[in-house]
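Enquirer: Quick one, query02.txt (compact mmCIF, C-alpha atoms):
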```txt
# COMPACT_ATOMS: atom_id res chain seq x y z
CA MET R 204 81.20 22.80 83.03
CA ALA R 205 82.23 20.77 80.00
CA SER R 206 79.78 20.09 77.26
CA SER R 207 78.22 16.73 77.91
CA ALA R 208 78.52 15.80 74.25
CA GLU R 209 82.20 16.35 73.55
CA SER R 210 83.80 13.91 75.99
CA LEU R 211 83.51 10.77 73.87
CA PRO R 212 82.81 10.16 70.18
CA LEU R 213 79.30 8.94 69.40
CA PRO R 214 79.17 5.25 68.37
CA ALA R 215 77.13 4.59 65.26
CA GLY R 216 73.55 3.37 65.16
CA LEU R 217 71.82 1.70 68.10
CA GLN R 218 75.04 1.62 70.13
CA GLY R 219 74.96 5.43 70.05
CA VAL R 220 71.44 5.42 71.50
CA VAL R 221 72.56 3.11 74.30
CA ALA R 222 75.65 5.26 74.91
CA ASP R 223 73.55 8.44 75.15
CA TRP R 224 71.01 6.92 77.50
CA SER R 225 73.53 5.15 79.73
CA SER R 226 76.00 8.05 79.97
CA ASP R 227 74.98 9.01 83.54
CA GLN R 228 74.34 12.48 82.12
CA ARG R 229 71.37 14.00 80.38
CA ALA R 230 70.11 11.66 77.65
CA PHE R 231 69.29 14.29 75.03
CA LYS R 232 72.68 15.81 74.21
CA ASN R 233 73.05 18.93 72.09
CA VAL R 234 69.32 19.54 72.51
CA PRO R 235 68.11 22.62 74.41
CA TRP R 236 66.20 21.71 77.57
CA GLY R 237 63.05 23.50 76.43
CA LYS R 238 63.04 21.71 73.10
CA ALA R 239 63.34 18.25 74.69
CA MET R 240 60.44 19.09 77.02
CA MET R 241 58.35 20.37 74.11
CA TRP R 242 58.94 17.07 72.30
CA ILE R 243 57.81 15.12 75.38
CA PHE R 244 54.67 17.27 75.57
CA LEU R 245 53.99 16.69 71.88
CA VAL R 246 54.21 12.91 72.39
CA SER R 247 51.52 13.15 75.08
CA ASP R 248 49.43 15.36 72.78
CA THR R 249 49.85 12.73 70.04
CA PHE R 250 48.19 10.23 72.37
CA ILE R 251 45.28 12.59 73.09
CA PHE R 252 44.55 13.28 69.42
CA SER R 253 44.99 9.60 68.56
CA CYS R 254 42.44 8.67 71.24
CA PHE R 255 39.95 11.04 69.58
CA LEU R 256 40.63 9.72 66.07
CA ILE R 257 40.51 6.07 67.15
CA SER R 258 37.23 6.68 69.06
CA TYR R 259 35.89 8.32 65.91
CA MET R 260 36.88 5.21 63.94
CA ALA R 261 35.14 2.98 66.50
CA VAL R 262 31.82 4.89 66.45
CA ARG R 263 31.89 5.19 62.66
CA MET R 264 32.52 1.45 62.25
CA SER R 265 29.89 0.41 64.81
CA THR R 266 26.97 2.60 63.73
CA THR R 267 24.20 0.96 61.71
CA GLU R 268 23.04 4.33 60.30
CA PRO R 269 24.73 5.67 57.14
CA TRP R 270 27.57 8.13 57.87
CA PRO R 271 26.96 11.65 56.42
CA ASN R 272 29.09 12.23 53.30
CA PRO R 273 31.70 14.85 54.32
CA SER R 274 32.28 15.75 50.68
CA GLU R 275 28.69 17.04 50.51
CA VAL R 276 28.34 18.29 54.09
CA PHE R 277 31.35 20.59 53.71
CA ALA R 278 30.61 21.74 50.16
CA LEU R 279 30.24 25.45 49.46
CA THR R 280 28.35 27.19 46.70
CA LEU R 281 30.74 29.63 45.04
CA TRP R 282 29.85 31.65 41.93
CA GLY R 283 26.67 29.64 41.55
CA LYS R 284 28.54 26.33 41.51
CA LYS R 285 28.65 23.73 44.26
CA ILE R 286 32.28 22.84 45.02
CA PRO R 287 32.89 19.87 47.36
CA LEU R 288 35.06 20.37 50.44
CA ILE R 289 36.49 23.66 49.10
CA LEU R 290 36.61 25.46 52.48
CA ILE R 291 38.53 22.59 54.07
CA ALA R 292 41.00 22.57 51.16
CA ILE R 293 41.64 26.31 51.58
CA MET R 294 42.07 25.84 55.35
CA THR R 295 44.63 23.10 54.66
CA PHE R 296 46.66 25.35 52.35
CA VAL R 297 46.48 28.23 54.87
CA LEU R 298 47.83 26.00 57.66
CA ILE R 299 50.62 24.55 55.49
CA SER R 300 51.66 28.07 54.48
CA SER R 301 51.80 29.10 58.14
CA SER R 302 54.10 26.12 58.76
CA GLY R 303 56.36 27.31 55.94
CA THR R 304 56.68 30.84 57.35
CA MET R 305 57.25 29.39 60.85
CA ALA R 306 60.14 27.22 59.63
CA MET R 307 61.74 30.28 58.03
CA ALA R 308 61.22 32.32 61.22
CA VAL R 309 63.30 29.74 63.13
CA LYS R 310 66.12 30.10 60.60
CA PHE R 311 66.16 33.90 60.71
CA GLY R 312 65.88 33.79 64.51
CA TYR R 313 69.15 31.89 64.81
CA GLU R 314 70.71 34.45 62.46
CA LYS R 315 69.53 37.05 65.01
CA ASN R 316 67.68 38.93 62.29
CA LYS R 317 65.08 40.50 64.58
CA LYS R 318 63.01 42.31 61.97
CA ILE R 319 62.50 39.42 59.52
CA THR R 320 61.88 36.94 62.37
CA PHE R 321 59.25 39.29 63.82
CA ILE R 322 57.53 39.72 60.44
CA LEU R 323 57.54 35.97 59.71
CA LEU R 324 56.14 35.17 63.17
CA LEU R 325 53.39 37.73 62.67
CA ILE R 326 52.50 36.28 59.23
CA THR R 327 52.36 32.83 60.86
CA ALA R 328 50.03 34.15 63.58
CA ALA R 329 47.85 35.91 60.98
CA LEU R 330 47.51 32.72 58.92
CA GLY R 331 46.68 30.79 62.10
CA ALA R 332 44.00 33.34 63.00
CA THR R 333 42.62 33.07 59.44
CA PHE R 334 42.38 29.31 59.92
CA VAL R 335 40.46 29.70 63.20
CA GLY R 336 38.18 32.28 61.57
CA MET R 337 37.34 29.90 58.73
CA GLN R 338 36.69 27.17 61.26
CA ALA R 339 34.29 29.46 63.15
CA PHE R 340 32.49 30.07 59.84
CA GLU R 341 32.32 26.31 59.20
CA TRP R 342 30.93 25.60 62.69
CA THR R 343 28.33 28.36 62.35
CA LYS R 344 27.21 27.00 58.97
CA LEU R 345 26.92 23.46 60.31
CA ILE R 346 25.09 24.42 63.52
CA VAL R 347 22.76 27.10 62.15
CA GLU R 348 22.08 26.03 58.56
CA GLU R 349 22.55 22.24 58.61
CA GLY R 350 21.24 21.66 62.14
CA VAL R 351 24.16 19.48 63.26
CA ARG R 352 24.24 18.82 67.02
CA PRO R 353 26.58 16.64 69.10
CA TRP R 354 23.68 14.21 69.64
CA SER R 355 21.91 14.32 66.27
CA ASN R 356 21.95 15.63 62.73
CA PRO R 357 19.55 15.44 59.78
CA MET R 358 22.05 13.71 57.44
CA GLY R 359 22.58 10.35 59.11
CA ALA R 360 24.50 8.75 61.99
CA ALA R 361 24.10 10.73 65.22
CA GLN R 362 27.77 10.15 66.15
CA PHE R 363 28.89 12.46 63.32
CA GLY R 364 28.27 15.65 65.34
CA ALA R 365 29.99 14.45 68.51
CA SER R 366 33.10 13.33 66.58
CA PHE R 367 33.21 16.50 64.49
CA PHE R 368 32.87 18.99 67.36
CA MET R 369 35.28 17.10 69.62
CA ILE R 370 38.05 16.60 67.07
CA THR R 371 37.97 19.93 65.22
CA GLY R 372 37.18 21.80 68.45
CA PHE R 373 40.22 20.42 70.20
CA HIS R 374 42.39 21.14 67.17
CA GLY R 375 41.01 24.67 66.84
CA THR R 376 41.79 25.28 70.52
CA HIS R 377 45.38 24.23 69.85
CA VAL R 378 45.60 26.65 66.91
CA SER R 379 44.14 29.50 68.99
CA ILE R 380 46.61 28.93 71.84
CA GLY R 381 49.40 28.75 69.24
CA VAL R 382 48.37 32.12 67.77
CA ILE R 383 48.51 33.75 71.23
CA PHE R 384 51.97 32.34 71.92
CA LEU R 385 53.21 33.28 68.43
CA ILE R 386 52.29 36.90 69.16
CA ILE R 387 54.03 36.74 72.56
CA VAL R 388 57.21 35.30 71.00
CA ALA R 389 57.05 37.84 68.15
CA ILE R 390 56.94 40.72 70.67
CA LYS R 391 59.84 39.23 72.63
CA VAL R 392 61.87 39.03 69.41
CA LEU R 393 61.10 42.61 68.37
CA ARG R 394 61.83 44.06 71.83
CA GLY R 395 65.24 42.37 71.84
CA ASP R 396 64.41 40.26 74.92
CA LEU R 397 66.20 37.30 73.36
CA ASP R 398 69.35 39.26 72.47
CA HIS R 399 69.60 40.60 76.03
CA GLU R 400 68.75 37.20 77.53
CA ARG R 401 65.95 38.70 79.59
CA PRO R 402 64.14 35.98 81.59
CA GLY R 403 60.73 34.99 80.28
CA PHE R 404 57.47 34.80 82.20
CA LEU R 405 56.95 31.86 84.59
CA THR R 406 60.70 31.17 84.51
CA GLY R 407 64.00 32.62 85.63
CA ARG R 408 65.83 31.08 82.68
CA LYS R 409 67.56 33.42 80.27
CA GLY R 410 65.71 33.94 77.02
CA ASN R 411 67.41 33.05 73.74
CA TYR R 412 66.47 32.25 70.16
CA GLU R 413 65.92 28.59 70.99
CA ILE R 414 62.40 29.52 72.13
CA VAL R 415 61.55 30.37 68.51
CA GLU R 416 62.47 26.82 67.50
CA THR R 417 60.48 25.38 70.43
CA MET R 418 57.49 27.51 69.42
CA GLY R 419 57.97 26.20 65.87
CA LEU R 420 57.81 22.58 67.06
CA TYR R 421 54.40 23.22 68.63
CA TRP R 422 53.15 25.01 65.52
CA HIS R 423 54.31 22.29 63.11
CA PHE R 424 52.65 19.72 65.37
CA VAL R 425 49.31 21.53 64.99
CA ASP R 426 49.80 21.32 61.21
CA LEU R 427 50.76 17.65 61.54
CA VAL R 428 47.55 16.82 63.43
CA TRP R 429 45.54 18.58 60.73
CA VAL R 430 47.09 16.27 58.10
CA PHE R 431 45.53 13.30 59.91
CA ILE R 432 42.18 15.02 60.56
CA PHE R 433 42.00 16.08 56.90
CA ALA R 434 42.59 12.52 55.69
CA PHE R 435 40.52 10.58 58.21
CA PHE R 436 37.61 12.89 58.99
CA TYR R 437 37.09 14.98 55.86
CA LEU R 438 38.28 12.73 53.04
CA TRP R 439 37.54 9.19 54.29
CA MET Z 1049 77.10 26.43 80.97
CA ALA Z 1050 77.53 24.56 77.74
CA HIS Z 1051 75.38 25.75 74.89
CA ALA Z 1052 73.38 23.35 72.84
CA GLN Z 1053 73.33 24.05 69.12
CA GLY Z 1054 70.17 25.12 67.41
CA GLN Z 1055 68.97 23.85 64.07
CA GLN Z 1056 70.15 26.04 61.19
CA HIS Z 1057 69.53 25.03 57.60
CA PRO Z 1058 69.42 26.79 54.23
CA ILE Z 1059 66.10 28.40 53.39
CA GLY Z 1060 65.86 26.45 50.11
CA ILE Z 1061 65.09 23.23 52.01
CA TYR Z 1062 62.05 24.81 53.68
CA LEU Z 1063 60.75 26.25 50.41
CA LYS Z 1064 61.09 22.88 48.64
CA ILE Z 1065 59.25 21.04 51.47
CA TRP Z 1066 56.58 23.75 51.42
CA GLY Z 1067 56.08 23.19 47.69
CA LEU Z 1068 55.94 19.40 48.13
CA LEU Z 1069 53.32 19.74 50.90
CA PHE Z 1070 51.23 21.93 48.59
CA ILE Z 1071 51.41 19.33 45.79
CA LEU Z 1072 50.54 16.45 48.14
CA SER Z 1073 47.60 18.37 49.66
CA ALA Z 1074 46.32 19.18 46.17
CA GLY Z 1075 46.63 15.44 45.43
CA SER Z 1076 44.52 14.54 48.49
CA TYR Z 1077 41.89 17.08 47.49
CA LEU Z 1078 41.81 15.76 43.91
CA VAL Z 1079 41.10 12.25 45.24
CA ASP Z 1080 37.85 13.67 46.62
CA TYR Z 1081 37.16 16.04 43.73
CA LEU Z 1082 37.51 13.29 41.11
CA GLN Z 1083 35.33 11.00 43.29
CA PHE Z 1084 37.73 8.06 43.54
CA HIS Z 1085 36.18 5.23 45.58
CA GLY Z 1086 37.13 2.00 47.29
CA TYR Z 1087 40.68 0.78 47.75
CA LEU Z 1088 42.09 3.30 45.25
CA ARG Z 1089 40.74 6.19 47.37
CA TRP Z 1090 41.90 4.78 50.73
CA SER Z 1091 45.38 3.81 49.58
CA LEU Z 1092 45.98 7.19 47.91
CA LEU Z 1093 44.74 9.07 50.99
CA ILE Z 1094 46.98 7.04 53.34
CA LEU Z 1095 49.94 7.46 51.00
CA PHE Z 1096 49.60 11.26 50.72
CA MET Z 1097 48.92 11.56 54.46
CA LEU Z 1098 51.99 9.58 55.49
CA LEU Z 1099 54.22 11.44 53.01
CA LYS Z 1100 53.00 14.80 54.33
CA ALA Z 1101 53.39 13.76 57.97
CA GLY Z 1102 56.88 12.42 57.24
CA LEU Z 1103 57.98 15.62 55.50
CA ILE Z 1104 56.68 17.84 58.31
CA VAL Z 1105 58.31 15.79 61.09
CA SER Z 1106 61.60 15.20 59.23
CA PHE Z 1107 62.30 18.68 57.88
CA PHE Z 1108 60.06 21.32 59.50
CA MET Z 1109 60.54 19.71 62.93
CA HIS Z 1110 64.21 18.90 62.08
CA MET Z 1111 63.92 15.25 63.08
CA ILE Z 1112 66.38 13.94 60.46
CA TRP Z 1113 69.11 16.16 61.91
CA GLU Z 1114 68.57 15.04 65.53
CA ARG Z 1115 70.50 12.32 67.37
CA LEU Z 1116 69.04 8.82 67.34
CA ALA Z 1117 68.52 8.91 71.13
CA LEU Z 1118 65.92 11.67 70.70
CA ILE Z 1119 64.39 10.24 67.50
CA TYR Z 1120 63.71 6.86 69.13
CA ALA Z 1121 62.41 8.42 72.37
CA ILE Z 1122 59.84 10.43 70.40
CA LEU Z 1123 58.85 8.17 67.50
CA VAL Z 1124 58.78 4.69 69.10
CA PRO Z 1125 56.21 5.21 71.95
CA PRO Z 1126 53.37 6.29 69.58
CA LEU Z 1127 53.63 2.86 67.89
CA LEU Z 1128 51.73 1.58 70.96
CA LEU Z 1129 48.71 3.30 69.44
CA LEU Z 1130 48.52 0.50 66.88
CA VAL Z 1131 47.39 -1.77 69.74
CA LEU Z 1132 44.60 0.68 70.66
CA LEU Z 1133 43.69 0.88 66.98
CA GLY Z 1134 43.40 -2.92 66.81
CA ILE Z 1135 41.32 -3.12 70.00
CA GLY Z 1136 39.05 -0.31 68.76
CA ALA Z 1137 38.46 -1.96 65.39
CA PHE Z 1138 37.82 -5.38 66.98
CA GLU Z 1139 35.35 -3.97 69.52
CA ALA Z 1140 33.57 -1.76 66.95
CA ASP Z 1141 33.14 -4.74 64.66
CA TYR Z 1142 31.52 -6.71 67.47
CA THR Z 1143 29.26 -3.77 68.45
CA PHE Z 1144 28.11 -3.48 64.85
CA PHE Z 1145 27.35 -7.19 64.78
CA THR Z 1146 25.32 -7.11 68.03
CA ARG Z 1147 23.43 -4.00 66.90
CA GLY Z 1148 22.47 -5.85 63.74
CA THR Z 1149 21.28 -8.78 65.83
CA PHE Z 1150 19.29 -6.83 68.41
CA PHE Z 1151 18.04 -3.78 66.50
CA GLY Z 1152 17.89 -5.12 62.97
CA PRO Z 1153 14.67 -5.70 61.01
CA GLY Z 1154 12.38 -8.37 62.40
CA THR Z 1155 13.79 -8.38 65.94
CA ALA Z 1156 11.87 -7.87 69.19
CA ALA Z 1157 13.67 -4.60 70.04
CA GLN Z 1158 12.61 -3.08 66.74
CA ALA Z 1159 9.00 -4.15 67.21
CA GLN Z 1160 8.94 -2.43 70.61
CA HIS Z 1161 10.39 0.74 69.14
CA ARG Z 1162 7.45 1.20 66.81
```
Write out the structure in this file as structure tokens.
Expert:
Amino acid sequence: MASSAESLPLPAGLQGVVADWSSDQRAFKNVPWGKAMMWIFLVSDTFIFSCFLISYMAVRMSTTEPWPNPSEVFALTLWGKKIPLILIAIMTFVLISSSGTMAMAVKFGYEKNKKITFILLLITAALGATFVGMQAFEWTKLIVEEGVRPWSNPMGAAQFGASFFMITGFHGTHVSIGVIFLIIVAIKVLRGDLDHERPGFLTGRKGNYEIVETMGLYWHFVDLVWVFIFAFFYLW
Amino acid sequence: MAHAQGQQHPIGIYLKIWGLLFILSAGSYLVDYLQFHGYLRWSLLILFMLLKAGLIVSFFMHMIWERLALIYAILVPPLLLLVLLGIGAFEADYTFFTRGTFFGPGTAAQAQHR
């Protein structure tokens, strides 16, 4: 079977898009099947998170009660000094760092450097787990100490709790699932499953290092969503 | 079976983007720490947010090295969300207005509540 990309040269610009889509072959040339499907999934996930953030905007705009000030709600007292939003800032840096190590894991994966890829994937998973742990701490503090509930809170508009638990809860679930899959991919890399093209679970397809890149897409997406949550929920 | 090529790039690119994301995040945090308010705060937040999102999608997710057919298929559909955003803002504005009319001070609903 000939490569579907090498038959004709790619016209420039929009004509190239039309040529790819009208080629009577697969539209996404030179892209591994799994990666194209991951991108499609991420588009649908974009819509889900956007629905949450836009609903949050709608309830925040329409409430007549004052919205609790996130800068104060999420402040921590460290060394006897009250620092606004410090936990969220640390969580942001942790997640960005995990994205950095993930990107490097993809690179070393394609170089078939099993050991470094494994270590980088494990660091990524550890940073992700740290993030979830800090989020659990934040939730505990808000529920137990501040008395925030999905239907009410002592600081102001009742919609604050519902938006907070829904948005950060859904994001935290994504991070947790990502950590589990990072560990699975790390083990596959270390065992040499990808070198020997052993089929993965739930599929008869041969494993290869493209799954590290696909895993990376999901992980970077989780980081990407956090960028928007950080700006709109915590800093607005 | 033809093999699709994976994305392989020098490690320096990732380290530079990582550094830039750190600087931009620190910038967002400083906006809050220095207590900027009003349009200055919102425009800086949106600017840093869009720069960060762009860097992550372009380099970490390798979008700038993909073919246009994939880029358009992924990045154009989410633009529909701007319509939802507009509808949401329009409706929320109206809800706020009616709440002010029906539950505001001096209205019948508020008198009953007491």
Enquirer: CA of Leu427 in chain R and CA of Ala1101 in chain Z, how far apart in Å?
Expert: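 A separation of 5.9 Å between them.
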Enquirer: Separation of CA of Thr1146 in chain Z and CA of Ala261 in chain R, in Å?
Expert: 14.2 Å
Enquirer: Show me, as a PyMOL selection string, every residue of chain Z with an atom at most 7 Å from chain R, counting only C-alpha atoms.
Expert: chain Z and resi 1049-1050+1052-1054+1056-1057+1059+1062+1066+1070+1077+1080-1081+1093+1097+1101+1104+1108-1109+1116-1118+1122+1133+1136-1137+1140-1141+1143-1144
Enquirer: Which residue gives the smallest distance to Leu393 in chain R among R:Phe373, R:Phe334, R:Phe340, R:Phe321, with only C-alpha atoms counted?
Expert: R:Phe321
Enquirer: CA of Pro1126 in chain Z and CA of Tyr1142 in chain Z, how far apart in Å?
Expert: 25.5 Å
Enquirer: Around range 244-254 of chain R, with edges along x, y and z and 5 Å added on all six sides, what centre and edge lengths do you get, in Å to one decimal, as JSON?
Expert:
```
{"center_x": 48.6, "center_y": 13.0, "center_z": 72.1, "size_x": 22.2, "size_y": 18.6, "size_z": 17.0}
```
Enquirer: Env of Met369 in chain R: 12 Å cut, atoms = all atoms listed in the file, seq-sep filter 4 positions within chain, self excluded. Answer as a list in words.
Expert: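 Residues meeting the cut-off are Ile251, Phe252, Cys254, Phe255, Leu256, Ser258, Tyr259, Trp342, Arg352, Pro353, Trp354, Gln362, Phe363, Gly364, Ala365, Phe373, His374, Gly375, Thr376, Ile432 and Phe436 of chain R.
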Enquirer: Selection from above, C-alpha atoms, as an mmCIF file, keeping the file's coordinate frame, can you write it?
Expert:
```
data_model
loop_
_atom_site.group_PDB
_atom_site.id
_atom_site.type_symbol
_atom_site.label_atom_id
_atom_site.label_comp_id
_atom_site.auth_asym_id
_atom_site.auth_seq_id
_atom_site.Cartn_x
_atom_site.Cartn_y
_atom_site.Cartn_z
ATOM 1 C CA ILE R 251 45.280 12.590 73.090
ATOM 2 C CA PHE R 252 44.550 13.280 69.420
ATOM 3 C CA CYS R 254 42.440 8.670 71.240
ATOM 4 C CA PHE R 255 39.950 11.040 69.580
ATOM 5 C CA LEU R 256 40.630 9.720 66.070
ATOM 6 C CA SER R 258 37.230 6.680 69.060
ATOM 7 C CA TYR R 259 35.890 8.320 65.910
ATOM 8 C CA TRP R 342 30.930 25.600 62.690
ATOM 9 C CA ARG R 352 24.240 18.820 67.020
ATOM 10 C CA PRO R 353 26.580 16.640 69.100
ATOM 11 C CA TRP R 354 23.680 14.210 69.640
ATOM 12 C CA GLN R 362 27.770 10.150 66.150
ATOM 13 C CA PHE R 363 28.890 12.460 63.320
ATOM 14 C CA GLY R 364 28.270 15.650 65.340
ATOM 15 C CA ALA R 365 29.990 14.450 68.510
ATOM 16 C CA PHE R 373 40.220 20.420 70.200
ATOM 17 C CA HIS R 374 42.390 21.140 67.170
ATOM 18 C CA GLY R 375 41.010 24.670 66.840
ATOM 19 C CA THR R 376 41.790 25.280 70.520
ATOM 20 C CA ILE R 432 42.180 15.020 60.560
ATOM 21 C CA PHE R 436 37.610 12.890 58.990
#
```
Enquirer: Write out as a PDB file with C-alpha atoms, in the frame of the given file the residues lying within 9 Å of Val382 in chain R, counting all atoms listed in the file and excluding same-chain residues fewer than 3 positions away.
Expert:
```pdb
ATOM      1  CA  THR R 327      52.360  32.830  60.860  1.00  0.00           C
ATOM      2  CA  ALA R 328      50.030  34.150  63.580  1.00  0.00           C
ATOM      3  CA  ALA R 329      47.850  35.910  60.980  1.00  0.00           C
ATOM      4  CA  LEU R 330      47.510  32.720  58.920  1.00  0.00           C
ATOM      5  CA  GLY R 331      46.680  30.790  62.100  1.00  0.00           C
ATOM      6  CA  ALA R 332      44.000  33.340  63.000  1.00  0.00           C
ATOM      7  CA  HIS R 377      45.380  24.230  69.850  1.00  0.00           C
ATOM      8  CA  VAL R 378      45.600  26.650  66.910  1.00  0.00           C
ATOM      9  CA  SER R 379      44.140  29.500  68.990  1.00  0.00           C
ATOM     10  CA  LEU R 385      53.210  33.280  68.430  1.00  0.00           C
ATOM     11  CA  ILE R 386      52.290  36.900  69.160  1.00  0.00           C
ATOM     12  CA  ILE R 387      54.030  36.740  72.560  1.00  0.00           C
ATOM     13  CA  TRP R 422      53.150  25.010  65.520  1.00  0.00           C
TER      14      TRP R 422
END
```
Enquirer: Could you check which of R:Leu345, R:Met337, R:Thr320, R:Leu325 is closest to Phe277 in chain R, using all atoms listed in the file?
Expert: R:Leu345
Enquirer: Write out as a PyMOL selection string each polymer residue whose atoms come within 8 Å of Ile414 in chain R, counting all atoms listed in the file; drop sequence neighbours fewer than 4 positions from it.
Expert: chain R and resi 237-238+388+410+418
Enquirer: Go ahead and save the residues from that selection, with C-alpha atoms, as a PDB file, in the frame of the given file.
Expert:
```pdb
ATOM      1  CA  GLY R 237      63.050  23.500  76.430  1.00  0.00           C
ATOM      2  CA  LYS R 238      63.040  21.710  73.100  1.00  0.00           C
ATOM      3  CA  VAL R 388      57.210  35.300  71.000  1.00  0.00           C
ATOM      4  CA  GLY R 410      65.710  33.940  77.020  1.00  0.00           C
ATOM      5  CA  MET R 418      57.490  27.510  69.420  1.00  0.00           C
TER       6      MET R 418
END
```
Enquirer: May I ask which of the residues R:Glu341, R:Gly403, R:Val425, R:Ser355 is the closest one to Leu298 in chain R, counting all atoms listed in the file?
Expert: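 Of R:Glu341, R:Gly403, R:Val425, R:Ser355, the one nearest Leu298 in chain R is R:Val425, counting all atoms listed in the file.
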Enquirer: With distances taken over all atoms listed in the file, which residue among R:Met358, R:Ile322, R:Ala308, R:Leu290 lies nearest Ala339 in chain R?
Expert: R:Leu290
